[in-house]
file data00.txt (compact mmCIF, N, CA and C atoms)
# COMPACT_ATOMS: atom_id res chain seq x y z
N ASP I 1 -18.96 42.69 -14.26
CA ASP I 1 -18.77 43.70 -13.24
C ASP I 1 -19.72 43.52 -12.05
N LYS I 2 -20.51 42.44 -12.06
CA LYS I 2 -21.44 42.17 -10.96
C LYS I 2 -20.89 41.03 -10.11
N GLU I 3 -21.52 40.82 -8.96
CA GLU I 3 -21.11 39.74 -8.06
C GLU I 3 -21.55 38.38 -8.61
N VAL I 4 -20.85 37.33 -8.21
CA VAL I 4 -21.10 35.97 -8.69
C VAL I 4 -22.56 35.54 -8.51
N PRO I 5 -23.21 35.80 -7.36
CA PRO I 5 -24.61 35.37 -7.22
C PRO I 5 -25.53 35.91 -8.31
N TYR I 6 -25.25 37.10 -8.81
CA TYR I 6 -26.05 37.68 -9.90
C TYR I 6 -25.98 36.76 -11.13
N TYR I 7 -24.76 36.33 -11.49
CA TYR I 7 -24.57 35.50 -12.69
C TYR I 7 -25.16 34.10 -12.49
N ILE I 8 -25.06 33.60 -11.29
CA ILE I 8 -25.69 32.30 -11.01
C ILE I 8 -27.19 32.41 -11.18
N ASP I 9 -27.78 33.47 -10.66
CA ASP I 9 -29.21 33.70 -10.80
C ASP I 9 -29.61 33.81 -12.28
N GLN I 10 -28.80 34.52 -13.05
CA GLN I 10 -29.08 34.66 -14.49
C GLN I 10 -29.02 33.30 -15.19
N TRP I 11 -28.03 32.48 -14.81
CA TRP I 11 -27.90 31.16 -15.42
C TRP I 11 -29.12 30.30 -15.08
N VAL I 12 -29.55 30.32 -13.83
CA VAL I 12 -30.71 29.53 -13.40
C VAL I 12 -31.94 29.95 -14.20
N LYS I 13 -32.15 31.24 -14.36
CA LYS I 13 -33.30 31.74 -15.13
C LYS I 13 -33.21 31.32 -16.59
N THR I 14 -32.04 31.47 -17.19
CA THR I 14 -31.86 31.10 -18.60
C THR I 14 -32.07 29.60 -18.79
N ARG I 15 -31.52 28.79 -17.88
CA ARG I 15 -31.69 27.33 -17.97
C ARG I 15 -33.17 26.96 -17.90
N LYS I 16 -33.89 27.57 -16.97
CA LYS I 16 -35.32 27.28 -16.83
C LYS I 16 -36.08 27.68 -18.10
N GLU I 17 -35.76 28.82 -18.66
CA GLU I 17 -36.41 29.27 -19.90
C GLU I 17 -36.15 28.28 -21.04
N LEU I 18 -34.91 27.83 -21.16
CA LEU I 18 -34.57 26.86 -22.21
C LEU I 18 -35.32 25.55 -22.03
N ILE I 19 -35.39 25.07 -20.79
CA ILE I 19 -36.11 23.82 -20.52
C ILE I 19 -37.60 24.00 -20.81
N ASP I 20 -38.15 25.15 -20.43
CA ASP I 20 -39.57 25.42 -20.71
C ASP I 20 -39.84 25.44 -22.22
N GLN I 21 -38.90 25.98 -23.00
CA GLN I 21 -39.06 26.10 -24.45
C GLN I 21 -38.79 24.79 -25.19
N GLU I 22 -37.71 24.11 -24.79
CA GLU I 22 -37.23 22.96 -25.55
C GLU I 22 -37.47 21.62 -24.87
N GLY I 23 -37.85 21.64 -23.61
CA GLY I 23 -37.99 20.40 -22.87
C GLY I 23 -36.65 19.93 -22.34
N LEU I 24 -36.70 18.95 -21.49
CA LEU I 24 -35.50 18.40 -20.88
C LEU I 24 -35.12 17.14 -21.64
N LYS I 25 -33.87 17.09 -22.12
CA LYS I 25 -33.42 15.95 -22.92
C LYS I 25 -32.15 15.37 -22.32
N PRO I 26 -32.10 14.06 -22.15
CA PRO I 26 -30.86 13.46 -21.63
C PRO I 26 -29.81 13.40 -22.73
N MET I 27 -28.55 13.28 -22.35
CA MET I 27 -27.49 13.04 -23.32
C MET I 27 -27.81 11.73 -24.02
N PRO I 28 -27.61 11.68 -25.33
CA PRO I 28 -27.94 10.45 -26.06
C PRO I 28 -27.26 9.21 -25.47
N GLY I 29 -28.05 8.21 -25.17
CA GLY I 29 -27.55 6.93 -24.68
C GLY I 29 -27.38 6.82 -23.18
N VAL I 30 -27.47 7.93 -22.44
CA VAL I 30 -27.16 7.87 -21.02
C VAL I 30 -28.23 7.12 -20.22
N VAL I 31 -29.49 7.26 -20.56
CA VAL I 31 -30.55 6.55 -19.83
C VAL I 31 -30.39 5.04 -20.02
N ASP I 32 -30.11 4.61 -21.24
CA ASP I 32 -29.88 3.18 -21.49
C ASP I 32 -28.66 2.69 -20.71
N LEU I 33 -27.59 3.47 -20.71
CA LEU I 33 -26.38 3.11 -19.97
C LEU I 33 -26.70 2.90 -18.49
N ILE I 34 -27.42 3.85 -17.89
CA ILE I 34 -27.77 3.76 -16.47
C ILE I 34 -28.59 2.50 -16.20
N ARG I 35 -29.59 2.25 -17.02
CA ARG I 35 -30.46 1.08 -16.82
C ARG I 35 -29.68 -0.24 -16.98
N ILE I 36 -28.83 -0.31 -17.99
CA ILE I 36 -28.04 -1.53 -18.21
C ILE I 36 -27.10 -1.78 -17.03
N LEU I 37 -26.41 -0.74 -16.57
CA LEU I 37 -25.50 -0.91 -15.44
C LEU I 37 -26.26 -1.34 -14.18
N LYS I 38 -27.41 -0.76 -13.94
CA LYS I 38 -28.22 -1.14 -12.77
C LYS I 38 -28.66 -2.60 -12.89
N GLU I 39 -29.10 -3.00 -14.09
CA GLU I 39 -29.52 -4.39 -14.30
C GLU I 39 -28.37 -5.37 -14.11
N LYS I 40 -27.13 -4.93 -14.39
CA LYS I 40 -25.97 -5.79 -14.25
C LYS I 40 -25.43 -5.78 -12.82
N GLY I 41 -26.14 -5.10 -11.90
CA GLY I 41 -25.77 -5.15 -10.49
C GLY I 41 -24.85 -4.04 -10.02
N PHE I 42 -24.60 -3.03 -10.87
CA PHE I 42 -23.76 -1.92 -10.43
C PHE I 42 -24.53 -1.07 -9.42
N HIS I 43 -23.82 -0.53 -8.45
CA HIS I 43 -24.39 0.42 -7.49
C HIS I 43 -24.10 1.80 -8.04
N LEU I 44 -25.13 2.62 -8.22
CA LEU I 44 -24.97 3.93 -8.86
C LEU I 44 -25.28 5.06 -7.89
N ALA I 45 -24.50 6.13 -7.98
CA ALA I 45 -24.70 7.31 -7.14
C ALA I 45 -24.56 8.56 -8.00
N VAL I 46 -25.16 9.64 -7.58
CA VAL I 46 -25.04 10.92 -8.25
C VAL I 46 -24.21 11.83 -7.36
N ALA I 47 -23.15 12.41 -7.91
CA ALA I 47 -22.34 13.41 -7.22
C ALA I 47 -22.31 14.62 -8.14
N SER I 48 -23.02 15.67 -7.78
CA SER I 48 -23.20 16.80 -8.67
C SER I 48 -23.15 18.12 -7.93
N SER I 49 -22.74 19.16 -8.64
CA SER I 49 -22.77 20.50 -8.05
C SER I 49 -24.10 21.18 -8.35
N SER I 50 -24.99 20.50 -9.06
CA SER I 50 -26.31 21.05 -9.34
C SER I 50 -27.18 21.03 -8.10
N LEU I 51 -28.24 21.83 -8.12
CA LEU I 51 -29.18 21.83 -7.01
C LEU I 51 -29.87 20.48 -6.93
N LYS I 52 -30.07 19.98 -5.70
CA LYS I 52 -30.71 18.68 -5.51
C LYS I 52 -32.09 18.66 -6.16
N GLU I 53 -32.82 19.77 -6.08
CA GLU I 53 -34.14 19.86 -6.70
C GLU I 53 -34.05 19.63 -8.22
N ASP I 54 -33.04 20.20 -8.86
CA ASP I 54 -32.85 20.01 -10.30
C ASP I 54 -32.49 18.56 -10.62
N ILE I 55 -31.62 17.99 -9.80
CA ILE I 55 -31.21 16.60 -10.01
C ILE I 55 -32.43 15.68 -9.93
N MET I 56 -33.22 15.86 -8.89
CA MET I 56 -34.39 15.00 -8.70
C MET I 56 -35.41 15.20 -9.82
N THR I 57 -35.61 16.44 -10.26
CA THR I 57 -36.52 16.71 -11.38
C THR I 57 -36.03 15.99 -12.63
N ASN I 58 -34.75 16.08 -12.91
CA ASN I 58 -34.18 15.42 -14.09
C ASN I 58 -34.34 13.91 -14.00
N MET I 59 -34.01 13.34 -12.85
CA MET I 59 -34.11 11.89 -12.69
C MET I 59 -35.56 11.42 -12.81
N ASN I 60 -36.48 12.18 -12.24
CA ASN I 60 -37.90 11.84 -12.36
C ASN I 60 -38.37 11.94 -13.80
N THR I 61 -37.96 12.98 -14.50
CA THR I 61 -38.35 13.18 -15.89
C THR I 61 -37.90 12.00 -16.76
N PHE I 62 -36.70 11.50 -16.51
CA PHE I 62 -36.16 10.41 -17.32
C PHE I 62 -36.49 9.03 -16.77
N GLY I 63 -37.20 8.98 -15.62
CA GLY I 63 -37.61 7.70 -15.06
C GLY I 63 -36.48 6.85 -14.53
N ILE I 64 -35.46 7.49 -13.96
CA ILE I 64 -34.29 6.73 -13.49
C ILE I 64 -34.02 6.92 -11.99
N THR I 65 -34.94 7.52 -11.28
CA THR I 65 -34.74 7.78 -9.85
C THR I 65 -34.42 6.50 -9.10
N ASP I 66 -35.07 5.41 -9.46
CA ASP I 66 -34.88 4.14 -8.76
C ASP I 66 -33.53 3.48 -9.04
N CYS I 67 -32.76 4.03 -9.96
CA CYS I 67 -31.47 3.44 -10.32
C CYS I 67 -30.33 3.91 -9.42
N PHE I 68 -30.59 4.95 -8.62
CA PHE I 68 -29.52 5.55 -7.82
C PHE I 68 -29.76 5.38 -6.34
N GLU I 69 -28.65 5.34 -5.60
CA GLU I 69 -28.73 5.11 -4.17
C GLU I 69 -28.45 6.35 -3.34
N CYS I 70 -27.92 7.43 -3.96
CA CYS I 70 -27.71 8.67 -3.22
C CYS I 70 -27.48 9.82 -4.18
N GLU I 71 -27.60 11.05 -3.69
CA GLU I 71 -27.31 12.26 -4.44
C GLU I 71 -26.59 13.22 -3.52
N ASN I 72 -25.55 13.91 -4.02
CA ASN I 72 -24.79 14.87 -3.22
C ASN I 72 -24.20 15.95 -4.12
N GLY I 73 -23.50 16.91 -3.51
CA GLY I 73 -22.85 17.98 -4.24
C GLY I 73 -21.34 17.83 -4.24
N LYS I 74 -20.65 18.56 -5.11
CA LYS I 74 -19.19 18.54 -5.19
C LYS I 74 -18.68 19.95 -5.45
N PRO I 75 -17.46 20.34 -5.53
CA PRO I 75 -16.37 19.75 -6.29
C PRO I 75 -15.32 18.99 -5.48
N ASP I 76 -15.33 19.08 -4.18
CA ASP I 76 -14.33 18.42 -3.36
C ASP I 76 -14.34 16.92 -3.62
N PRO I 77 -13.17 16.27 -3.68
CA PRO I 77 -13.16 14.81 -3.90
C PRO I 77 -13.91 14.05 -2.83
N GLU I 78 -14.11 14.68 -1.68
CA GLU I 78 -14.83 14.04 -0.58
C GLU I 78 -16.21 13.57 -1.04
N ILE I 79 -16.84 14.29 -1.97
CA ILE I 79 -18.17 13.91 -2.41
C ILE I 79 -18.14 12.54 -3.09
N PHE I 80 -17.09 12.28 -3.87
CA PHE I 80 -16.99 10.97 -4.51
C PHE I 80 -16.72 9.89 -3.48
N GLN I 81 -15.90 10.21 -2.49
CA GLN I 81 -15.63 9.25 -1.41
C GLN I 81 -16.91 8.95 -0.64
N LYS I 82 -17.70 9.97 -0.36
CA LYS I 82 -18.97 9.77 0.36
C LYS I 82 -19.95 8.98 -0.49
N ALA I 83 -19.96 9.23 -1.79
CA ALA I 83 -20.85 8.48 -2.68
C ALA I 83 -20.47 7.01 -2.66
N ALA I 84 -19.18 6.71 -2.73
CA ALA I 84 -18.71 5.32 -2.68
C ALA I 84 -19.10 4.68 -1.36
N GLU I 85 -18.89 5.41 -0.29
CA GLU I 85 -19.25 4.91 1.05
C GLU I 85 -20.75 4.64 1.15
N ALA I 86 -21.54 5.53 0.58
CA ALA I 86 -23.00 5.40 0.65
C ALA I 86 -23.50 4.16 -0.07
N ILE I 87 -22.77 3.72 -1.08
CA ILE I 87 -23.18 2.51 -1.80
C ILE I 87 -22.34 1.29 -1.39
N GLY I 88 -21.56 1.45 -0.32
CA GLY I 88 -20.80 0.33 0.25
C GLY I 88 -19.64 -0.14 -0.60
N GLN I 89 -18.99 0.81 -1.29
CA GLN I 89 -17.87 0.44 -2.15
C GLN I 89 -16.60 1.21 -1.78
N LYS I 90 -15.45 0.60 -2.04
CA LYS I 90 -14.17 1.30 -1.89
C LYS I 90 -13.99 2.22 -3.10
N ALA I 91 -13.33 3.34 -2.90
CA ALA I 91 -13.10 4.29 -3.99
C ALA I 91 -12.44 3.61 -5.19
N ALA I 92 -11.50 2.72 -4.94
CA ALA I 92 -10.78 2.05 -6.03
C ALA I 92 -11.69 1.16 -6.88
N ASN I 93 -12.87 0.81 -6.36
CA ASN I 93 -13.81 -0.02 -7.11
C ASN I 93 -14.82 0.81 -7.91
N CYS I 94 -14.69 2.13 -7.85
CA CYS I 94 -15.68 3.01 -8.48
C CYS I 94 -15.16 3.60 -9.79
N ILE I 95 -16.09 3.83 -10.70
CA ILE I 95 -15.80 4.52 -11.95
C ILE I 95 -16.71 5.74 -12.02
N VAL I 96 -16.12 6.89 -12.22
CA VAL I 96 -16.84 8.15 -12.30
C VAL I 96 -16.94 8.57 -13.77
N VAL I 97 -18.11 9.03 -14.19
CA VAL I 97 -18.27 9.64 -15.52
C VAL I 97 -18.39 11.13 -15.29
N GLU I 98 -17.47 11.91 -15.86
CA GLU I 98 -17.39 13.34 -15.59
C GLU I 98 -17.25 14.14 -16.88
N ASP I 99 -17.90 15.31 -16.91
CA ASP I 99 -17.81 16.16 -18.09
C ASP I 99 -17.10 17.48 -17.80
N SER I 100 -16.49 17.60 -16.61
CA SER I 100 -15.80 18.85 -16.28
C SER I 100 -14.39 18.58 -15.78
N GLU I 101 -13.52 19.55 -15.98
CA GLU I 101 -12.15 19.44 -15.51
C GLU I 101 -12.11 19.28 -13.99
N ALA I 102 -12.89 20.09 -13.28
CA ALA I 102 -12.91 20.01 -11.82
C ALA I 102 -13.40 18.64 -11.36
N GLY I 103 -14.40 18.10 -12.04
CA GLY I 103 -14.93 16.79 -11.68
C GLY I 103 -13.93 15.68 -11.90
N VAL I 104 -13.20 15.74 -13.01
CA VAL I 104 -12.17 14.73 -13.29
C VAL I 104 -11.10 14.81 -12.22
N LYS I 105 -10.66 16.00 -11.90
CA LYS I 105 -9.63 16.16 -10.85
C LYS I 105 -10.13 15.61 -9.52
N ALA I 106 -11.38 15.90 -9.18
CA ALA I 106 -11.94 15.40 -7.92
C ALA I 106 -11.99 13.88 -7.92
N ALA I 107 -12.43 13.27 -9.02
CA ALA I 107 -12.51 11.81 -9.11
C ALA I 107 -11.13 11.17 -8.97
N LYS I 108 -10.14 11.73 -9.65
CA LYS I 108 -8.79 11.17 -9.58
C LYS I 108 -8.20 11.39 -8.19
N SER I 109 -8.49 12.54 -7.56
CA SER I 109 -8.02 12.79 -6.19
C SER I 109 -8.65 11.81 -5.21
N ALA I 110 -9.86 11.35 -5.54
CA ALA I 110 -10.55 10.37 -4.70
C ALA I 110 -10.05 8.95 -4.98
N LYS I 111 -9.09 8.81 -5.88
CA LYS I 111 -8.48 7.50 -6.24
C LYS I 111 -9.47 6.61 -6.98
N MET I 112 -10.30 7.22 -7.83
CA MET I 112 -11.27 6.47 -8.62
C MET I 112 -10.89 6.50 -10.09
N LYS I 113 -11.34 5.48 -10.82
CA LYS I 113 -11.20 5.53 -12.27
C LYS I 113 -12.17 6.59 -12.77
N CYS I 114 -11.81 7.23 -13.88
CA CYS I 114 -12.66 8.30 -14.38
C CYS I 114 -12.77 8.24 -15.89
N ILE I 115 -14.00 8.31 -16.37
CA ILE I 115 -14.29 8.39 -17.79
C ILE I 115 -14.68 9.83 -18.07
N GLY I 116 -13.90 10.50 -18.90
CA GLY I 116 -14.25 11.86 -19.30
C GLY I 116 -15.31 11.81 -20.39
N TYR I 117 -16.32 12.64 -20.28
CA TYR I 117 -17.39 12.68 -21.27
C TYR I 117 -17.32 14.02 -21.99
N ALA I 118 -17.00 13.98 -23.29
CA ALA I 118 -16.83 15.18 -24.10
C ALA I 118 -17.61 15.03 -25.41
N PRO I 119 -18.93 15.23 -25.37
CA PRO I 119 -19.73 15.08 -26.58
C PRO I 119 -19.40 16.15 -27.62
N GLU I 120 -19.64 15.83 -28.87
CA GLU I 120 -19.45 16.81 -29.94
C GLU I 120 -20.29 18.04 -29.64
N GLY I 121 -19.73 19.20 -29.84
CA GLY I 121 -20.47 20.44 -29.68
C GLY I 121 -20.51 20.98 -28.26
N ALA I 122 -20.01 20.23 -27.29
CA ALA I 122 -20.01 20.71 -25.90
C ALA I 122 -18.86 21.68 -25.70
N ILE I 123 -19.00 22.52 -24.68
CA ILE I 123 -17.91 23.42 -24.33
C ILE I 123 -16.72 22.55 -23.94
N LYS I 124 -15.57 22.83 -24.52
CA LYS I 124 -14.39 22.00 -24.29
C LYS I 124 -13.85 22.18 -22.87
N GLN I 125 -13.63 21.07 -22.20
CA GLN I 125 -13.05 21.03 -20.87
C GLN I 125 -11.75 20.24 -20.96
N ASP I 126 -10.83 20.51 -20.07
CA ASP I 126 -9.57 19.78 -20.02
C ASP I 126 -9.81 18.48 -19.24
N LEU I 127 -9.97 17.39 -19.96
CA LEU I 127 -10.26 16.09 -19.34
C LEU I 127 -9.06 15.14 -19.42
N HIS I 128 -7.87 15.66 -19.64
CA HIS I 128 -6.71 14.81 -19.89
C HIS I 128 -6.36 13.89 -18.71
N GLN I 129 -6.79 14.22 -17.51
CA GLN I 129 -6.48 13.36 -16.37
C GLN I 129 -7.41 12.14 -16.29
N ALA I 130 -8.46 12.12 -17.08
CA ALA I 130 -9.38 10.97 -17.08
C ALA I 130 -8.66 9.75 -17.63
N ASP I 131 -9.10 8.57 -17.21
CA ASP I 131 -8.50 7.33 -17.70
C ASP I 131 -8.80 7.10 -19.17
N THR I 132 -9.94 7.56 -19.60
CA THR I 132 -10.32 7.52 -21.01
C THR I 132 -11.35 8.62 -21.22
N VAL I 133 -11.51 9.06 -22.46
CA VAL I 133 -12.49 10.09 -22.79
C VAL I 133 -13.39 9.55 -23.89
N VAL I 134 -14.70 9.72 -23.73
CA VAL I 134 -15.66 9.26 -24.72
C VAL I 134 -16.50 10.44 -25.21
N LYS I 135 -17.03 10.28 -26.42
CA LYS I 135 -17.88 11.32 -27.00
C LYS I 135 -19.35 10.95 -26.94
N GLU I 136 -19.63 9.68 -26.61
CA GLU I 136 -21.02 9.24 -26.54
C GLU I 136 -21.14 8.06 -25.58
N PHE I 137 -22.36 7.84 -25.13
CA PHE I 137 -22.65 6.69 -24.29
C PHE I 137 -23.05 5.57 -25.23
N SER I 138 -22.26 4.50 -25.27
CA SER I 138 -22.48 3.45 -26.25
C SER I 138 -22.15 2.08 -25.67
N ASP I 139 -22.37 1.05 -26.49
CA ASP I 139 -22.03 -0.31 -26.06
C ASP I 139 -20.53 -0.42 -25.76
N LYS I 140 -19.71 0.32 -26.51
CA LYS I 140 -18.27 0.30 -26.29
C LYS I 140 -17.93 0.81 -24.88
N LEU I 141 -18.66 1.81 -24.43
CA LEU I 141 -18.46 2.34 -23.09
C LEU I 141 -18.86 1.30 -22.04
N ILE I 142 -19.97 0.63 -22.28
CA ILE I 142 -20.42 -0.42 -21.35
C ILE I 142 -19.35 -1.51 -21.26
N GLU I 143 -18.77 -1.90 -22.40
CA GLU I 143 -17.70 -2.91 -22.41
C GLU I 143 -16.50 -2.43 -21.61
N TYR I 144 -16.15 -1.15 -21.75
CA TYR I 144 -15.03 -0.58 -21.01
C TYR I 144 -15.30 -0.65 -19.50
N ILE I 145 -16.51 -0.26 -19.11
CA ILE I 145 -16.87 -0.29 -17.69
C ILE I 145 -16.85 -1.73 -17.16
N MET I 146 -17.44 -2.65 -17.92
CA MET I 146 -17.49 -4.05 -17.49
C MET I 146 -16.06 -4.61 -17.34
N GLY I 147 -15.16 -4.20 -18.21
CA GLY I 147 -13.79 -4.66 -18.15
C GLY I 147 -13.01 -4.08 -16.98
N ASN I 148 -13.51 -3.03 -16.38
CA ASN I 148 -12.84 -2.37 -15.26
C ASN I 148 -13.59 -2.54 -13.95
N LYS I 149 -14.57 -3.45 -13.94
CA LYS I 149 -15.38 -3.68 -12.74
C LYS I 149 -14.54 -4.28 -11.63
call {"tool": "encode", "arguments": {"input": "data00.txt", "output": "structure tokens"}}
result
Amino acid sequence: DKEVPYYIDQWVKTRKELIDQEGLKPMPGVVDLIRILKEKGFHLAVASSSLKEDIMTNMNTFGITDCFECENGKPDPEIFQKAAEAIGQKAANCIVVEDSEAGVKAAKSAKMKCIGYAPEGAIKQDLHQADTVVKEFSDKLIEYIMGNK
């Protein structure tokens, strides 16, 4: 019964409390995936609806800031197009990893390949438009990405 900004504020406070209590943890395997792709010459970008301050804090915490070439916000597909442009790539040459229905739709609207990420225990999102859906970041995922480079 309250306005949207109230709920956003509540979420931000709750998220901060959880991080303060439990620490910040990456999805299993994602830091290794990012480092391997960077070492193999992939150009990486972040396109997120999260606050830039939160994104940078997370990247600094996990020691991966140097792996990325830009950070931006979404949900409009334009953000993926701008991310591709920022790293000097055509949209068709990009692969997006997305965990939300809106993100998958945006990636596909941008004419990019999309890997849906649906880990066990996560809130279920409709990722059916993704080219493939994975439950974990693994060597199999790296092989899939390498095969679609």
call {"tool": "axis_aligned_box", "arguments": {"input": "data00.txt", "around": "segment 94-113 of chain I", "padding_each_side": "8 Å", "output": "AutoDock Vina command-line options"}}
result
--center_x -13.2 --center_y 11.1 --center_z -11.4 --size_x 26.4 --size_y 34.0 --size_z 29.4
call {"tool": "select_by_dssp", "arguments": {"input": "data00.txt", "residues": "segment 37-116 of chain I", "states": "strand (DSSP E or B)", "output": "list in words"}}
result
Leu44, Ala45, Val46, Ala47, Phe68, Glu69, Cys70, Glu71, Asn72, Ile95, Val96, Val97, Glu98, Lys113, Cys114, Ile115 and Gly116 of chain I
call {"tool": "atom_distance", "arguments": {"input": "data00.txt", "atom1": "atom C of Asn148 of chain I", "atom2": "atom N of Gln89 of chain I"}}
result
14.2 Å
call {"tool": "atom_distance", "arguments": {"input": "data00.txt", "atom1": "atom C of Trp11 of chain I", "atom2": "atom N of Leu127 of chain I"}}
result
23.6 Å
call {"tool": "atom_distance", "arguments": {"input": "data00.txt", "atom1": "atom CA of Val4 of chain I", "atom2": "atom N of Lys52 of chain I"}}
result
18.6 Å
call {"tool": "residues_around", "arguments": {"input": "data00.txt", "residues": "Gln125 of chain I", "least_positions_apart": "3", "cutoff": "9 Å", "atoms": "only C-alpha atoms", "output": "list in words"}}
result
Asp99, Ser100, Glu101, Ala118, Ala122 and His128 of chain I
call {"tool": "select_by_dssp", "arguments": {"input": "data00.txt", "residues": "segment 80-121 of chain I", "states": "helix (DSSP H, G or I)", "output": "list in words"}}
result
Phe80, Gln81, Lys82, Ala83, Ala84, Glu85, Ala86, Ala91, Ala92, Asn93, Glu101, Ala102, Gly103, Val104, Lys105, Ala106, Ala107, Lys108 and Ser109 of chain I
call {"tool": "residues_around", "arguments": {"input": "data00.txt", "residues": "Thr61 of chain I", "least_positions_apart": "6", "cutoff": "10 Å", "atoms": "only C-alpha atoms", "output": "count of residues only"}}
result
4
call {"tool": "closest_residue", "arguments": {"input": "data00.txt", "among": "I:Ala83, I:Val30, I:Ile95, I:Gly103", "to": "Ile115 of chain I", "atoms": "only C-alpha atoms"}}
result
I:Ile95
call {"tool": "residues_around", "arguments": {"input": "data00.txt", "residues": "Ser109 of chain I", "least_positions_apart": "2", "cutoff": "9 Å", "atoms": "only C-alpha atoms", "output": "MDAnalysis selection string"}}
result
chainID I and resid 76:78 104:107 111:112
